[in-house]
>>> print(open('input_38.pdb').read())   # PDB, C-alpha atoms
ATOM      1  CA  HIS A   1       0.000   0.000   0.000
ATOM      2  CA  LEU A   2       1.330   3.409  -0.981
ATOM      3  CA  ASP A   3       0.674   6.191   1.513
ATOM      4  CA  THR A   4      -0.727   8.522  -1.130
ATOM      5  CA  GLU A   5      -2.587  10.613   1.476
ATOM      6  CA  CYS A   6       0.517  11.125   3.680
ATOM      7  CA  ALA A   7      -1.222   9.442   6.622
ATOM      8  CA  ASN A   8       2.069   8.774   8.418
ATOM      9  CA  GLU A   9       3.055  12.431   8.445
ATOM     10  CA  TRP A  10      -0.475  13.517   9.391
ATOM     11  CA  LEU A  11      -0.569  11.129  12.360
ATOM     12  CA  ILE A  12       2.679  12.502  13.767
ATOM     13  CA  GLU A  13       1.684  16.134  13.219
ATOM     14  CA  SER A  14      -1.728  15.575  14.799
ATOM     15  CA  ALA A  15      -0.304  13.756  17.819
ATOM     16  CA  GLN A  16       2.123  16.589  18.417
ATOM     17  CA  ARG A  17      -0.710  19.108  18.250
ATOM     18  CA  ILE A  18      -3.406  17.478  20.385
ATOM     19  CA  SER A  19      -1.656  14.827  22.582
ATOM     20  CA  PRO A  20      -4.433  12.220  22.239
ATOM     21  CA  ARG A  21      -5.284   9.566  24.809
ATOM     22  CA  ILE A  22      -6.268   7.104  22.061
ATOM     23  CA  ILE A  23      -4.792   6.850  18.551
ATOM     24  CA  TRP A  24      -7.292   4.874  16.474
ATOM     25  CA  ILE A  25      -6.209   3.450  13.120
ATOM     26  CA  GLU A  26      -8.617   1.734  10.765
ATOM     27  CA  LYS A  27      -6.816  -1.287   9.376
ATOM     28  CA  GLY A  28      -3.545   0.618   8.819
ATOM     29  CA  ASN A  29      -2.041  -1.100   5.797
ATOM     30  CA  MET A  30       0.001   2.026   5.023
ATOM     31  CA  VAL A  31       0.996   2.971   8.587
ATOM     32  CA  ARG A  32       4.667   2.244   9.170
ATOM     33  CA  ARG A  33       6.170   0.754  12.302
ATOM     34  CA  SER A  34       8.500   3.753  12.544
ATOM     35  CA  THR A  35       5.440   6.017  12.652
ATOM     36  CA  LEU A  36       3.904   4.049  15.508
ATOM     37  CA  MET A  37       7.156   4.154  17.461
ATOM     38  CA  ARG A  38       7.343   7.900  16.905
ATOM     39  CA  LEU A  39       3.777   8.239  18.182
ATOM     40  CA  LYS A  40       4.712   6.302  21.317
ATOM     41  CA  ALA A  41       7.565   8.725  21.898
ATOM     42  CA  ILE A  42       5.341  11.776  21.414
ATOM     43  CA  CYS A  43       2.408  10.395  23.474
ATOM     44  CA  PRO A  44       3.814   7.744  25.828
ATOM     45  CA  ASP A  45       0.478   7.376  27.650
ATOM     46  CA  ALA A  46      -1.640   7.026  24.513
ATOM     47  CA  CYS A  47      -3.109   3.700  23.428
ATOM     48  CA  LEU A  48      -2.368   2.681  19.845
ATOM     49  CA  ALA A  49      -5.418   0.784  18.590
ATOM     50  CA  SER A  50      -6.087  -0.806  15.217
ATOM     51  CA  TYR A  51      -9.557  -1.899  14.061
ATOM     52  CA  SER A  52     -10.511  -3.975  11.034
ATOM     53  CA  ASP A  53     -13.547  -5.944   9.911
ATOM     54  CA  ASP A  54     -11.447  -7.907   7.397
ATOM     55  CA  ASP A  55      -9.659 -11.199   8.008
ATOM     56  CA  MET A  56      -6.222  -9.758   8.743
ATOM     57  CA  PHE A  57      -4.582 -13.179   8.948
ATOM     58  CA  ASN A  58      -5.336 -13.516   5.244
ATOM     59  CA  ARG A  59      -2.346 -11.952   3.493
ATOM     60  CA  THR A  60      -4.520 -10.686   0.625
ATOM     61  CA  ASN A  61      -6.110  -8.255   3.113
ATOM     62  CA  THR A  62      -2.844  -6.971   4.559
ATOM     63  CA  SER A  63       0.419  -5.384   3.483
ATOM     64  CA  ARG A  64       4.029  -5.970   4.441
ATOM     65  CA  THR A  65       3.888  -2.589   6.199
ATOM     66  CA  TYR A  66       0.933  -3.739   8.328
ATOM     67  CA  ARG A  67       2.572  -7.028   9.251
ATOM     68  CA  GLN A  68       5.825  -5.316  10.233
ATOM     69  CA  ALA A  69       3.944  -2.808  12.421
ATOM     70  CA  LEU A  70       1.583  -5.275  14.091
ATOM     71  CA  SER A  71       3.594  -5.741  17.287
ATOM     72  CA  ALA A  72       3.753  -1.962  17.890
ATOM     73  CA  TYR A  73       0.008  -1.693  18.535
ATOM     74  CA  ASP A  74      -1.287  -1.873  22.093
ATOM     75  CA  VAL A  75      -4.487  -3.553  20.956
ATOM     76  CA  ILE A  76      -5.986  -4.957  17.764
ATOM     77  CA  PHE A  77      -9.773  -5.065  17.458
ATOM     78  CA  THR A  78     -11.243  -7.464  14.912
ATOM     79  CA  THR A  79     -14.691  -8.654  13.893
ATOM     80  CA  LYS A  80     -13.132 -11.997  12.919
ATOM     81  CA  SER A  81     -13.059 -13.856  16.233
ATOM     82  CA  PHE A  82     -10.660 -16.493  14.936
ATOM     83  CA  ASN A  83      -8.031 -13.765  14.356
ATOM     84  CA  ALA A  84      -7.658 -13.627  18.149
ATOM     85  CA  ALA A  85      -6.589 -17.294  18.315
ATOM     86  CA  SER A  86      -3.002 -17.826  19.426
ATOM     87  CA  ASP A  87      -1.948 -19.181  16.033
ATOM     88  CA  GLU A  88      -3.260 -16.187  14.057
ATOM     89  CA  LEU A  89      -2.618 -12.475  14.754
ATOM     90  CA  PRO A  90      -0.797 -13.157  18.061
ATOM     91  CA  ALA A  91       1.524 -15.500  16.154
ATOM     92  CA  MET A  92       2.257 -12.587  13.779
ATOM     93  CA  GLY A  93       3.302 -10.389  16.696
ATOM     94  CA  ALA A  94       0.047  -8.832  17.927
ATOM     95  CA  ARG A  95       0.274  -8.337  21.683
ATOM     96  CA  ARG A  96      -3.446  -8.048  22.452
ATOM     97  CA  VAL A  97      -6.296  -9.027  20.129
ATOM     98  CA  ILE A  98      -9.949  -8.516  21.051
ATOM     99  CA  ALA A  99     -12.916  -9.706  19.004
ATOM    100  CA  VAL A 100     -15.909  -7.405  18.622
ATOM    101  CA  ASP A 101     -19.230  -8.134  16.907
ATOM    102  CA  LYS A 102     -20.661  -6.338  13.887
ATOM    103  CA  ALA A 103     -23.183  -3.560  14.391
ATOM    104  CA  TYR A 104     -25.886  -1.432  12.798
ATOM    105  CA  ASP A 105     -26.480   2.287  12.360
ATOM    106  CA  PRO A 106     -29.831   3.356  13.880
ATOM    107  CA  ASP A 107     -29.910   6.380  11.554
ATOM    108  CA  GLN A 108     -29.941   4.037   8.542
ATOM    109  CA  HIS A 109     -31.122   0.636   9.691
ATOM    110  CA  PHE A 110     -34.662   0.748  11.080
ATOM    111  CA  PRO A 111     -38.075  -0.581  10.000
ATOM    112  CA  ILE A 112     -39.682   1.278   7.090
ATOM    113  CA  LYS A 113     -43.167   0.454   5.879
ATOM    114  CA  PRO A 114     -42.640  -0.157   2.151
ATOM    115  CA  THR A 115     -44.755   1.724  -0.342
ATOM    116  CA  GLU A 116     -46.303   0.118  -3.389
ATOM    117  CA  ALA A 117     -43.469   1.692  -5.386
ATOM    118  CA  ASP A 118     -40.899   0.111  -3.015
ATOM    119  CA  LEU A 119     -42.492  -3.310  -3.386
ATOM    120  CA  GLU A 120     -42.464  -3.027  -7.167
ATOM    121  CA  ALA A 121     -38.940  -1.654  -7.493
ATOM    122  CA  LEU A 122     -37.191  -3.519  -4.667
ATOM    123  CA  GLY A 123     -39.398  -6.272  -3.324
ATOM    124  CA  SER A 124     -39.428 -10.048  -3.686
ATOM    125  CA  ASP A 125     -40.384 -13.209  -1.866
ATOM    126  CA  VAL A 126     -36.728 -14.060  -1.322
ATOM    127  CA  GLY A 127     -33.895 -11.595  -1.710
ATOM    128  CA  PHE A 128     -30.160 -11.288  -1.260
ATOM    129  CA  ILE A 129     -28.080  -8.114  -1.147
ATOM    130  CA  GLY A 130     -24.374  -8.799  -1.526
ATOM    131  CA  SER A 131     -21.434  -9.571  -3.770
ATOM    132  CA  PHE A 132     -21.132 -12.566  -6.069
ATOM    133  CA  GLU A 133     -19.649 -15.818  -4.830
ATOM    134  CA  ALA A 134     -20.055 -19.100  -6.675
ATOM    135  CA  ASP A 135     -21.483 -20.870  -3.619
ATOM    136  CA  ARG A 136     -24.086 -18.136  -3.110
ATOM    137  CA  ALA A 137     -25.052 -18.252  -6.765
ATOM    138  CA  ALA A 138     -25.461 -22.035  -6.672
ATOM    139  CA  GLN A 139     -27.749 -21.919  -3.633
ATOM    140  CA  MET A 140     -29.978 -19.208  -5.049
ATOM    141  CA  LEU A 141     -30.146 -21.000  -8.394
ATOM    142  CA  ALA A 142     -31.286 -24.118  -6.527
ATOM    143  CA  LEU A 143     -34.059 -22.084  -4.894
ATOM    144  CA  ALA A 144     -35.154 -20.701  -8.260
ATOM    145  CA  ARG A 145     -35.192 -24.154  -9.851
ATOM    146  CA  ALA A 146     -37.365 -25.311  -6.948
ATOM    147  CA  GLY A 147     -39.978 -22.795  -8.102
ATOM    148  CA  ILE A 148     -39.126 -19.990  -5.659
ATOM    149  CA  ARG A 149     -38.718 -16.468  -7.015
ATOM    150  CA  VAL A 150     -35.426 -14.882  -5.887
ATOM    151  CA  ARG A 151     -34.063 -11.382  -6.449
ATOM    152  CA  VAL A 152     -30.355 -10.555  -6.139
ATOM    153  CA  TRP A 153     -28.643  -7.181  -5.729
ATOM    154  CA  GLY A 154     -24.923  -6.542  -5.547
ATOM    155  CA  ASN A 155     -21.530  -6.281  -7.177
ATOM    156  CA  GLY A 156     -19.811  -8.911  -9.296
ATOM    157  CA  TRP A 157     -22.902 -10.532 -10.797
ATOM    158  CA  GLU A 158     -22.339  -9.208 -14.333
ATOM    159  CA  ARG A 159     -21.135 -12.539 -15.749
ATOM    160  CA  PHE A 160     -23.714 -14.662 -13.953
ATOM    161  CA  ASN A 161     -26.413 -15.490 -16.521
ATOM    162  CA  PRO A 162     -28.246 -18.629 -15.361
ATOM    163  CA  GLY A 163     -31.175 -18.281 -17.755
ATOM    164  CA  GLU A 164     -33.583 -19.112 -14.933
ATOM    165  CA  PRO A 165     -36.754 -16.967 -14.959
ATOM    166  CA  ASN A 166     -37.281 -17.323 -11.209
ATOM    167  CA  LEU A 167     -33.849 -15.812 -10.472
ATOM    168  CA  VAL A 168     -33.748 -12.060 -11.106
ATOM    169  CA  VAL A 169     -30.200 -10.666 -10.938
ATOM    170  CA  GLU A 170     -30.213  -6.871 -10.826
ATOM    171  CA  ARG A 171     -26.398  -6.513 -11.168
ATOM    172  CA  ARG A 172     -26.184  -3.394  -9.059
ATOM    173  CA  PRO A 173     -25.907  -2.842  -5.311
ATOM    174  CA  LEU A 174     -28.524  -1.322  -3.064
ATOM    175  CA  VAL A 175     -26.886   1.531  -1.177
ATOM    176  CA  ASN A 176     -28.281   3.771   1.519
ATOM    177  CA  ARG A 177     -27.980   7.437   0.693
ATOM    178  CA  ARG A 178     -29.258  10.358   2.720
ATOM    179  CA  GLU A 179     -31.963  11.174   0.202
ATOM    180  CA  PHE A 180     -33.168   7.554  -0.171
ATOM    181  CA  LEU A 181     -32.376   4.454   1.911
ATOM    182  CA  SER A 182     -32.423   1.905  -0.920
ATOM    183  CA  TYR A 183     -30.692  -0.840   1.082
ATOM    184  CA  THR A 184     -33.034  -0.508   4.050
ATOM    185  CA  ARG A 185     -36.113  -0.255   1.835
ATOM    186  CA  GLY A 186     -34.962  -3.345  -0.077
ATOM    187  CA  ILE A 187     -34.768  -5.352   3.142
ATOM    188  CA  CYS A 188     -38.151  -4.094   4.322
ATOM    189  CA  SER A 189     -39.725  -4.916   0.936
ATOM    190  CA  THR A 190     -38.481  -8.521   0.955
ATOM    191  CA  ARG A 191     -40.335 -11.304   2.723
ATOM    192  CA  ILE A 192     -37.242 -13.466   3.330
ATOM    193  CA  ASN A 193     -33.780 -11.880   3.423
ATOM    194  CA  LEU A 194     -30.926 -14.323   2.864
ATOM    195  CA  ALA A 195     -27.651 -13.875   4.737
ATOM    196  CA  PHE A 196     -24.746 -15.878   3.333
ATOM    197  CA  LEU A 197     -21.292 -16.138   4.901
ATOM    198  CA  ARG A 198     -18.396 -15.084   2.686
ATOM    199  CA  LYS A 199     -16.097 -18.099   2.466
ATOM    200  CA  ALA A 200     -13.064 -16.088   1.322
ATOM    201  CA  ASN A 201     -13.253 -14.104   4.583
ATOM    202  CA  ARG A 202     -14.029 -17.173   6.718
ATOM    203  CA  ASP A 203     -17.076 -15.249   7.925
ATOM    204  CA  LEU A 204     -18.983 -16.377  10.996
ATOM    205  CA  HIS A 205     -21.270 -13.350  10.790
ATOM    206  CA  THR A 206     -21.397 -10.290   8.543
ATOM    207  CA  ASP A 207     -22.777  -6.738   8.440
ATOM    208  CA  ARG A 208     -26.062  -8.132   7.066
ATOM    209  CA  SER A 209     -26.314 -10.444  10.074
ATOM    210  CA  VAL A 210     -27.148  -7.445  12.254
ATOM    211  CA  GLU A 211     -28.490  -4.962   9.708
ATOM    212  CA  ILE A 212     -31.330  -7.191   8.442
ATOM    213  CA  PRO A 213     -32.929  -7.687  11.893
ATOM    214  CA  ALA A 214     -32.219  -4.037  12.755
ATOM    215  CA  CYS A 215     -34.332  -3.050   9.725
ATOM    216  CA  GLY A 216     -37.127  -5.279  10.964
ATOM    217  CA  GLY A 217     -36.496  -7.770   8.168
ATOM    218  CA  PHE A 218     -36.861 -11.520   8.449
ATOM    219  CA  MET A 219     -33.405 -13.127   8.203
ATOM    220  CA  LEU A 220     -32.691 -16.639   6.949
ATOM    221  CA  ALA A 221     -28.947 -17.103   7.342
ATOM    222  CA  GLU A 222     -26.278 -19.748   7.020
ATOM    223  CA  TYR A 223     -25.838 -21.338  10.427
ATOM    224  CA  SER A 224     -22.817 -20.485  12.538
ATOM    225  CA  ASP A 225     -22.216 -20.450  16.270
ATOM    226  CA  GLU A 226     -21.857 -16.659  16.128
ATOM    227  CA  HIS A 227     -25.144 -16.255  14.276
ATOM    228  CA  ALA A 228     -26.879 -18.405  16.878
ATOM    229  CA  ARG A 229     -25.319 -16.349  19.688
ATOM    230  CA  LEU A 230     -26.460 -13.049  18.177
ATOM    231  CA  PHE A 231     -30.021 -14.175  17.371
ATOM    232  CA  SER A 232     -31.833 -17.138  18.881
ATOM    233  CA  GLU A 233     -32.571 -19.803  16.266
ATOM    234  CA  GLY A 234     -36.230 -20.070  15.307
ATOM    235  CA  LYS A 235     -37.168 -17.165  17.586
ATOM    236  CA  GLU A 236     -35.204 -14.107  16.383
ATOM    237  CA  ALA A 237     -33.842 -15.442  13.070
ATOM    238  CA  ALA A 238     -33.847 -18.667  11.074
ATOM    239  CA  TYR A 239     -30.821 -20.654   9.897
ATOM    240  CA  PHE A 240     -29.976 -23.324   7.342
ATOM    241  CA  HIS A 241     -27.093 -25.782   7.083
ATOM    242  CA  ASN A 242     -27.358 -26.906   3.460
ATOM    243  CA  ILE A 243     -29.274 -26.343   0.231
ATOM    244  CA  ASP A 244     -32.022 -28.841   1.050
ATOM    245  CA  GLU A 245     -32.700 -27.185   4.383
ATOM    246  CA  LEU A 246     -32.585 -23.761   2.723
ATOM    247  CA  ILE A 247     -35.317 -24.751   0.258
ATOM    248  CA  GLU A 248     -37.380 -26.410   3.004
ATOM    249  CA  LYS A 249     -37.233 -23.369   5.302
ATOM    250  CA  VAL A 250     -37.966 -20.883   2.538
ATOM    251  CA  ARG A 251     -41.112 -22.820   1.643
ATOM    252  CA  PHE A 252     -42.140 -23.056   5.284
ATOM    253  CA  TYR A 253     -41.711 -19.366   6.100
ATOM    254  CA  LEU A 254     -43.321 -18.186   2.871
ATOM    255  CA  GLY A 255     -46.326 -20.252   3.882
ATOM    256  CA  HIS A 256     -46.429 -19.063   7.493
ATOM    257  CA  GLU A 257     -46.694 -15.294   7.432
ATOM    258  CA  ASP A 258     -47.513 -14.912  11.119
ATOM    259  CA  VAL A 259     -44.536 -16.998  12.246
ATOM    260  CA  ARG A 260     -42.181 -15.134   9.935
ATOM    261  CA  GLN A 261     -43.361 -11.724  11.087
ATOM    262  CA  ALA A 262     -43.118 -12.696  14.759
ATOM    263  CA  ILE A 263     -39.489 -13.772  14.272
ATOM    264  CA  ALA A 264     -38.688 -10.539  12.440
ATOM    265  CA  ARG A 265     -40.177  -8.487  15.293
ATOM    266  CA  ALA A 266     -38.224 -10.462  17.886
ATOM    267  CA  GLY A 267     -34.976 -10.028  15.920
ATOM    268  CA  HIS A 268     -35.531  -6.296  15.784
ATOM    269  CA  ALA A 269     -36.260  -6.198  19.521
ATOM    270  CA  ARG A 270     -32.995  -8.079  20.178
ATOM    271  CA  CYS A 271     -31.072  -5.382  18.311
ATOM    272  CA  LEU A 272     -32.649  -2.663  20.417
ATOM    273  CA  ALA A 273     -32.240  -4.467  23.727
ATOM    274  CA  ASP A 274     -28.758  -5.953  23.473
ATOM    275  CA  GLY A 275     -26.726  -2.944  22.357
ATOM    276  CA  TYR A 276     -25.969  -3.912  18.761
ATOM    277  CA  ARG A 277     -25.453  -0.317  17.557
ATOM    278  CA  HIS A 278     -22.092   0.952  16.302
ATOM    279  CA  GLU A 279     -22.082   3.280  19.299
ATOM    280  CA  ASP A 280     -22.387   0.292  21.638
ATOM    281  CA  ARG A 281     -19.521  -1.561  19.957
ATOM    282  CA  VAL A 282     -17.303   1.543  20.154
ATOM    283  CA  ARG A 283     -18.175   1.921  23.834
ATOM    284  CA  PHE A 284     -17.155  -1.718  24.374
ATOM    285  CA  MET A 285     -13.803  -1.103  22.680
ATOM    286  CA  THR A 286     -13.036   2.166  24.441
ATOM    287  CA  GLU A 287     -13.806   0.539  27.790
ATOM    288  CA  LYS A 288     -11.324  -2.199  26.922
ATOM    289  CA  ILE A 289      -8.746   0.455  26.062
ATOM    290  CA  LEU A 290      -9.360   2.456  29.237
ATOM    291  CA  GLY A 291      -9.474  -0.648  31.439
ATOM    292  CA  ARG A 292     -12.993  -0.061  32.705
ATOM    293  CA  ASP A 293     -14.377  -3.543  32.079
TER     294      ASP A 293
END
>>> encode(input="input_38.pdb", output="structure tokens")
Amino acid sequence: HLDTECANEWLIESAQRISPRIIWIEKGNMVRRSTLMRLKAICPDACLASYSDDDMFNRTNTSRTYRQALSAYDVIFTTKSFNAASDELPAMGARRVIAVDKAYDPDQHFPIKPTEADLEALGSDVGFIGSFEADRAAQMLALARAGIRVRVWGNGWERFNPGEPNLVVERRPLVNRREFLSYTRGICSTRINLAFLRKANRDLHTDRSVEIPACGGFMLAEYSDEHARLFSEGKEAAYFHNIDELIEKVRFYLGHEDVRQAIARAGHARCLADGYRHEDRVRFMTEKILGRD
């Protein structure tokens, strides 16, 4: 990674000017070890913290600069719990690694009653919002071939042309913007929102895992222990282990509107009650930094 924005120089200049208690670096693939050591000299009482929601044990997500600097951080926060295992980031030199769950933004992710226009433009019986992966494509194609209408939004689907009328691939993402919350409205306009785990990232839960229930949407997700910890199975979300179970559960929940809506309401209530907001996650991390837990 080239430091085209002069982040290293900016960090040093800013630390000299304001003497921060916490120096927070998102990912930090361009931040040099020498910069971190200089920051320690300028602000000896400051905590150097790095945060990333990528799998930073996967070398495709990191840089040589990041790996060389890893041991200079006081704490590494990661949404990939396995990165905290002794044979992952600690084995690369990280001195303290703390896992933190994904979160939602209450200013963007909240229930919206869809209009007729929303239902027409964004709605479906079964929908998925996310990037292409072959495994995801295969599972949604299986649903379509089972007679279930599926709608897909996201990046990387341009070359996926299954020729299946029940599978509608929009080939563009749904993005929340201040003037129109397309992503949120898409979730609220969809009866069953699929949540797949990205295999390349070794995901155990994703942004969608929290954002779908936060929007009041019904979530049918790939099973993982972290999913089941965040939302109680069959009560606050539904999970599947394989394609056959995916098809079976989609058919069941499409045919049981009251059950599906009750689960969606309970999932939303869990978000509100258990502190799943970004603000709550940041509070958790700052308390770890300040030693208040």
>>> resolve_selection(input="input_38.pdb", expression="the PyMOL selection byres ((chain A and resi 3) around 10)", output="VMD selection string")
chain A and resid 1 to 2 4 to 9 29 to 32
>>> write_last_selection(input="input_38.pdb", atoms="C-alpha atoms", output="mmCIF file, in the coordinates of the input")
data_model
loop_
_atom_site.group_PDB
_atom_site.id
_atom_site.type_symbol
_atom_site.label_atom_id
_atom_site.label_comp_id
_atom_site.auth_asym_id
_atom_site.auth_seq_id
_atom_site.Cartn_x
_atom_site.Cartn_y
_atom_site.Cartn_z
ATOM 1 C CA HIS A 1 0.000 0.000 0.000
ATOM 2 C CA LEU A 2 1.330 3.409 -0.981
ATOM 3 C CA THR A 4 -0.727 8.522 -1.130
ATOM 4 C CA GLU A 5 -2.587 10.613 1.476
ATOM 5 C CA CYS A 6 0.517 11.125 3.680
ATOM 6 C CA ALA A 7 -1.222 9.442 6.622
ATOM 7 C CA ASN A 8 2.069 8.774 8.418
ATOM 8 C CA GLU A 9 3.055 12.431 8.445
ATOM 9 C CA ASN A 29 -2.041 -1.100 5.797
ATOM 10 C CA MET A 30 0.001 2.026 5.023
ATOM 11 C CA VAL A 31 0.996 2.971 8.587
ATOM 12 C CA ARG A 32 4.667 2.244 9.170
#
>>> atom_distance(input="input_38.pdb", atom1="atom CA of Ser52 of chain A", atom2="atom CA of Lys27 of chain A")
4.9 Å
>>> closest_residue(input="input_38.pdb", among="A:Gly275, A:Pro165, A:Gly234, A:Gly28", to="Arg260 of chain A", atoms="all atoms listed in the file")
A:Gly234
>>> resolve_selection(input="input_38.pdb", expression="the PyMOL selection byres ((chain A and resi 172) around 10)", output="list in words")
Ile129, Gly130, Ser131, Val152, Trp153, Gly154, Asn155, Gly156, Trp157, Glu158, Val169, Glu170, Arg171, Pro173, Leu174 and Val175 of chain A
>>> resolve_selection(input="input_38.pdb", expression="the PyMOL selection byres ((chain A and resi 48) around 6)", output="CSV table (one decimal) with C-alpha atoms, in the coordinates of the input")
chain,number,residue,atom,x,y,z
A,23,ILE,CA,-4.8,6.8,18.6
A,47,CYS,CA,-3.1,3.7,23.4
A,49,ALA,CA,-5.4,0.8,18.6
A,73,TYR,CA,0.0,-1.7,18.5
A,74,ASP,CA,-1.3,-1.9,22.1
>>> atom_distance(input="input_38.pdb", atom1="atom CA of Phe128 of chain A", atom2="atom CA of Glu248 of chain A")
17.3 Å
>>> closest_residue(input="input_38.pdb", among="A:Arg95, A:Lys102, A:His268, A:Arg38", to="Glu226 of chain A", atoms="only C-alpha atoms")
A:Lys102
>>> residues_around(input="input_38.pdb", residues="Asp101 of chain A", least_positions_apart="2", cutoff="9 Å", atoms="all atoms listed in the file", output="number ranges by chain")
A: 78-81, 99, 103, 205-206, 226, 230, 276, 281
>>> atom_distance(input="input_38.pdb", atom1="atom CA of Ile42 of chain A", atom2="atom CA of Gln16 of chain A")
6.5 Å
>>> closest_atom_pairs(input="input_38.pdb", of="segment 78-131 of chain A", to="segment 190-196 of chain A", cutoff="6 Å", atoms="only C-alpha atoms", output="JSON lines")
{"residue": "A:Gly123", "atom": "CA", "partner": "A:Thr190", "partner_atom": "CA", "distance": 4.9}
{"residue": "A:Ser124", "atom": "CA", "partner": "A:Thr190", "partner_atom": "CA", "distance": 5.0}
{"residue": "A:Asp125", "atom": "CA", "partner": "A:Arg191", "partner_atom": "CA", "distance": 5.0}
{"residue": "A:Val126", "atom": "CA", "partner": "A:Ile192", "partner_atom": "CA", "distance": 4.7}
{"residue": "A:Gly127", "atom": "CA", "partner": "A:Asn193", "partner_atom": "CA", "distance": 5.1}
{"residue": "A:Phe128", "atom": "CA", "partner": "A:Leu194", "partner_atom": "CA", "distance": 5.2}
>>> axis_aligned_box(input="input_38.pdb", around="segment 2-18 of chain A", padding_each_side="6 Å", output="lines of an AutoDock Vina configuration file")
center_x = -0.2
center_y = 11.3
center_z = 9.6
size_x = 18.5
size_y = 27.7
size_z = 33.5
